[in-house]
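A short worksheet on the structure shown next.
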Amino acid sequence: MRAKKKNTPETSLSFRLRGVGKQIAKHLARLDIHSVRDLLFHLPARYQDRTQVQAIRTLLPGNEVVIEGTIQSISMPTHGRTKLLCELKDETGTLYLRFFHVLPYLVDSLKPGNRMRCYSEVRLGAKGLEMVHPEFQLITPQRPIPIDAHLTPVYPATEGLSQYVLRKIINNALAIIRQHPELREILPLPLLQSLSLPTLQEALQFVHKPPRDIAMTELLENKTVAQKRLIFEELLAHRISLLHIKHQFQSQTSIPFQMKDHLSQQFLSNLPFQLTNAQSRVVAEIKTDLSRPHPMLRLVQGDVGSGKTVVAVLAMLQAIENGYQAAMMAPTELLAEQHTRVTKRWLEPLGIKVAFLSSSIKGRERTTALKAIGNGEAQIVLGTHALFQEEVAFSKLAFIIVDEQHRFGVQQRALFRQKGMQADYYPHQLIMTATPIPRTLAMSFYADLDVSMIDELPPGRTPIITSIIANSRREEVIERVRSACREGRQVYWVCPLIEESEALNCQAATNTAEQLQAALPEIKVGLIHGRLRANEKDKIMQAFQQGELHLLVATTVIEVGVDVPNASVMVIENAERLGLSQLHQLRGRVGRGKVASYCLLLYQHPLSELAKARLAVIRETTDGFQIAQRDLELRGPGEVLGTRQTGELSFRVADLIRDSDLLPHVQHAAERILHDHVDIIEPLTERWLGKGREYGKV
Ligand code: ADP
Ligand code: MG
């Protein structure tokens with residue numbers, strides 16, 4: 001996308017506007033307003049209705065109103081905070097104006113017999129209804145003041161910049177809107193007509209100066225066509241930019257991996273289970289993509305436990321059969337190690353060499369791993385963030401997988417991708433997530449990806465029963481742990497992050513482990529947290545996996561990926577502090593075997609209404625998509641997508657939940673524009689996204 005041009009009317013702050021000097025420009029910059037366009041897109045946060053003079057008798061405390069009356073009397077109390085009290089009367093009643101600071105102009109204006117128009121919020125004071133420091137104007141027969149024809153906008157403001165000044169300069173900008181060529185209509189007129197949307201100019205005029213007869217609630221809920229018009233344009237710009245990136249992406253070259261299938265046949269026949277239909281379908285989708293000479297960019301969504309790992313391994317086999325390397329990155333050491341264990345168990349019998357790399361692999365071991373990666377001996381490379389560090393050089397990496405992608409930032413994925421970029425090809429990419437992305441978000445943020453869904457769990461799983469239990473009933477919970485272990489089951493006990501400091505969290509988990517061991521002397525208790533060294537973690541995980549440990553106390557390090565089918569009870573402390581998706585992930589560690597599993601959510605009194613509602617969602621459903629949708633409604637998209645950079649989610653006027661009804665129209669319009677109106681792609685995306693969008697996706 002093109003860089004911002006200097007001094008074009010739309011993008012420069014060459015405000016040839018009355019009222020904008022250096023000082024005001026500085027204040028505006030703090031609001032991120034650098035141009036006339038920014039100014040016009042600085043939309044009101046709310047409105048005031050000053051279009052009607054209200055009768056005093058009809059007023060209620062809390063109303064923000066215009067009144068007119070005649071001053072009856074003035075008093076200037078000598079004690080108390082009030083410095084000046086003014087009694088104002090209209091034909092219907094009396095109201096007091098209260099001032100805590102008295103400036104000379106007040107004393108000059110406020111004289112018995114003067115007629116005034118006041119605007120403020122009405123309160124109930126000691127003497128009856130009153131206004132505190134109202135805005136006011138004197139009315140004289142010679143100088144009648146017209147009543148406002150429009151609702152009054154209230155803008156997001158900043159210190160040193162009053163509403164009055166903002167209104168004035170935005171009003172000036174509106175007056176010269178026609179002189180700004182780039183602020184002219186970008187969207188094709190037939191499109192606007194087909195959706196009954198107004199032009200940009202009409203829309204901006206309307207939102208800054210709504211007519212007096214419009215319902216305030218409609219405005220506040222962004223329901224007017226003028227607002228919808230702006231929202232539509234913004235959503236459209238986002239979607240078009242994603243689709244545009246996708247098109248560019250698809251014009252790049254990648255290695256087409258032929259489907260040779262001899263390794264995968266062998267692999268499948270060794271596997272102790274059959275793929276589910278959903279897994280087979282997704283594998284086929286991936287294989288087709290991989291056989292094309294353009295980079296795959298596919299997202300695999302599958303709820304916790306749906307079996308994504310085996311899908312990833314099958315995909316990697318296709319790269320290996322074609323003589324290339326494949327690498328898979330996971331967000332935690334624990335998970336990367338587990339991947340390595342599983343993959344080695346599955347692939348070493350086929351003579352495939354798997355390497356593992358993380359920051360805790362040091363010394364000789366590291367040198368060996370780096371060498372095998374560099375000379376191509378390691379066909380599959382698994383690891384953590386360590387995989388994209390500078391010292392890592394692959395021999396011929398042509399396929400990368402990011403597991404639990406929502407735990408990585410955009411930048412990290414871009415760096416990983418670079419490891420597979422050669423002079424003549426780009427790597428294929430598969431990204432996997434167990435945090436389901438609600439449809440609304442998927443449409444807006446993953447328009448550039450192809451999406452596969454593993455929408456079926458492997459057979460033989462029994463549903464998990466979830467209970468919400470006050471921490472005061474901890475004893476009972478410990479008894480349940482005891483009886484589960486007695487039956488040969490295993491238990492997780494999670495102490496989530498409650499402190500800023502990692503050290504303190506590990507301490508909390510350590511204390512809990514000690515207490516539980518004391519209460520359950522016959523049971524073998526293990527402890528795992530982020531501060532242990534990789535090989536220590538590995539040892540503990542293996543001991544738990546092999547049933548040598550019965551109870552595993554952990555911080556949220558076990559949140560993603562960990563797979564021990566014999567574990568059937570999950571206790572989560574301070575559950576009220578965790579997000580829904582996180583709770584769902586943690587709960588997904590159990591319910592992987594044939595026996596009934598339990599998830600016990602412990603909470604601290606008192607529980608807020610919101611927390612209650614959230615825990616109830618978790619108790620009532622185990623469907624990750626439903627949970628994500630509820631999480632989206634309760635906490636907003638930024639939280640649901642986790643570390644996905646919030647910049648990608650910041651809208652100026654749109655709100656994905658509120659405006660989801662527009663999305664199908666947006667989708668349709670985007671396709672038409674990409675087809676018939678390529679000339680508007682650039683101005684449209686530049687207007688709403690500026691530059692920087694090109695870094696957005698990898
Ligand atoms: P996730 O999608 O959460 O990453 P995993 O890949 O860890 O899930 O798989 C969860 C468990 O289910 C593992 O023990 C795996 O071996 C097992 N599994 C995967 N696919 C199947 C299947 N088709 N039938 C039975 N078990 C399966
Ligand atoms: Mg997984």
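By convention here, the chains of the structure tokens are called A, B, ... in the order presented, each chain's residues are numbered starting at 1, and ligands are numbered starting at 1 in the order presented.
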
Could you report the residues within 8 Å of ligand 1, using only C-alpha atoms and all ligand atoms, as a ChimeraX atom specification? /A:272-276,279,302-311,434,457-460,560-565,588,592

Within 10 Å of Gly323 in chain A using only C-alpha atoms, minus same-chain residues under 6 positions, as a ChimeraX atom specification: /A:257,317,376,379,396-398

Please save N, CA, C and O atoms of the selected residues as a PDB file, in the first residue's frame.
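part_25.pdb, freshly written:
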```
ATOM      1  N   PHE A 257       3.983 -30.271  -3.507  1.00  0.00           N
ATOM      2  CA  PHE A 257       4.334 -31.608  -3.001  1.00  0.00           C
ATOM      3  C   PHE A 257       3.412 -32.632  -3.648  1.00  0.00           C
ATOM      4  O   PHE A 257       2.203 -32.605  -3.416  1.00  0.00           O
ATOM      5  N   LEU A 317       4.228 -35.431   6.539  1.00  0.00           N
ATOM      6  CA  LEU A 317       4.745 -36.574   5.784  1.00  0.00           C
ATOM      7  C   LEU A 317       4.777 -36.280   4.280  1.00  0.00           C
ATOM      8  O   LEU A 317       5.672 -36.722   3.569  1.00  0.00           O
ATOM      9  N   GLY A 376      19.847 -30.849   6.898  1.00  0.00           N
ATOM     10  CA  GLY A 376      18.693 -31.543   6.338  1.00  0.00           C
ATOM     11  C   GLY A 376      18.490 -32.948   6.858  1.00  0.00           C
ATOM     12  O   GLY A 376      17.538 -33.632   6.483  1.00  0.00           O
ATOM     13  N   GLN A 379      14.381 -34.316   9.332  1.00  0.00           N
ATOM     14  CA  GLN A 379      13.337 -34.068   8.335  1.00  0.00           C
ATOM     15  C   GLN A 379      12.168 -33.308   8.941  1.00  0.00           C
ATOM     16  O   GLN A 379      11.526 -32.509   8.297  1.00  0.00           O
ATOM     17  N   LYS A 396      16.257 -27.242   3.835  1.00  0.00           N
ATOM     18  CA  LYS A 396      15.216 -26.930   2.835  1.00  0.00           C
ATOM     19  C   LYS A 396      13.838 -27.074   3.451  1.00  0.00           C
ATOM     20  O   LYS A 396      13.117 -28.037   3.207  1.00  0.00           O
ATOM     21  N   LEU A 397      13.535 -26.059   4.237  1.00  0.00           N
ATOM     22  CA  LEU A 397      12.232 -26.015   4.884  1.00  0.00           C
ATOM     23  C   LEU A 397      11.214 -25.473   3.883  1.00  0.00           C
ATOM     24  O   LEU A 397      11.391 -24.398   3.334  1.00  0.00           O
ATOM     25  N   ALA A 398      10.148 -26.223   3.671  1.00  0.00           N
ATOM     26  CA  ALA A 398       9.156 -25.756   2.695  1.00  0.00           C
ATOM     27  C   ALA A 398       7.737 -25.827   3.240  1.00  0.00           C
ATOM     28  O   ALA A 398       6.784 -25.538   2.544  1.00  0.00           O
TER      29      ALA A 398
END
```

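Here CA of Thr152 in chain A is placed at a distance of 11.0 Å from CA of Met216 in chain A.
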
Please, which residues of range 186-358 of chain A, numbered as in this document, come out strand (DSSP E) from DSSP, as number ranges by chain? A: 297-302, 325-329, 354-357

Mind giving me the straight-line distance from CA of Leu271 in chain A to CA of Ala596 in chain A in Å, one decimal? 24.8 Å
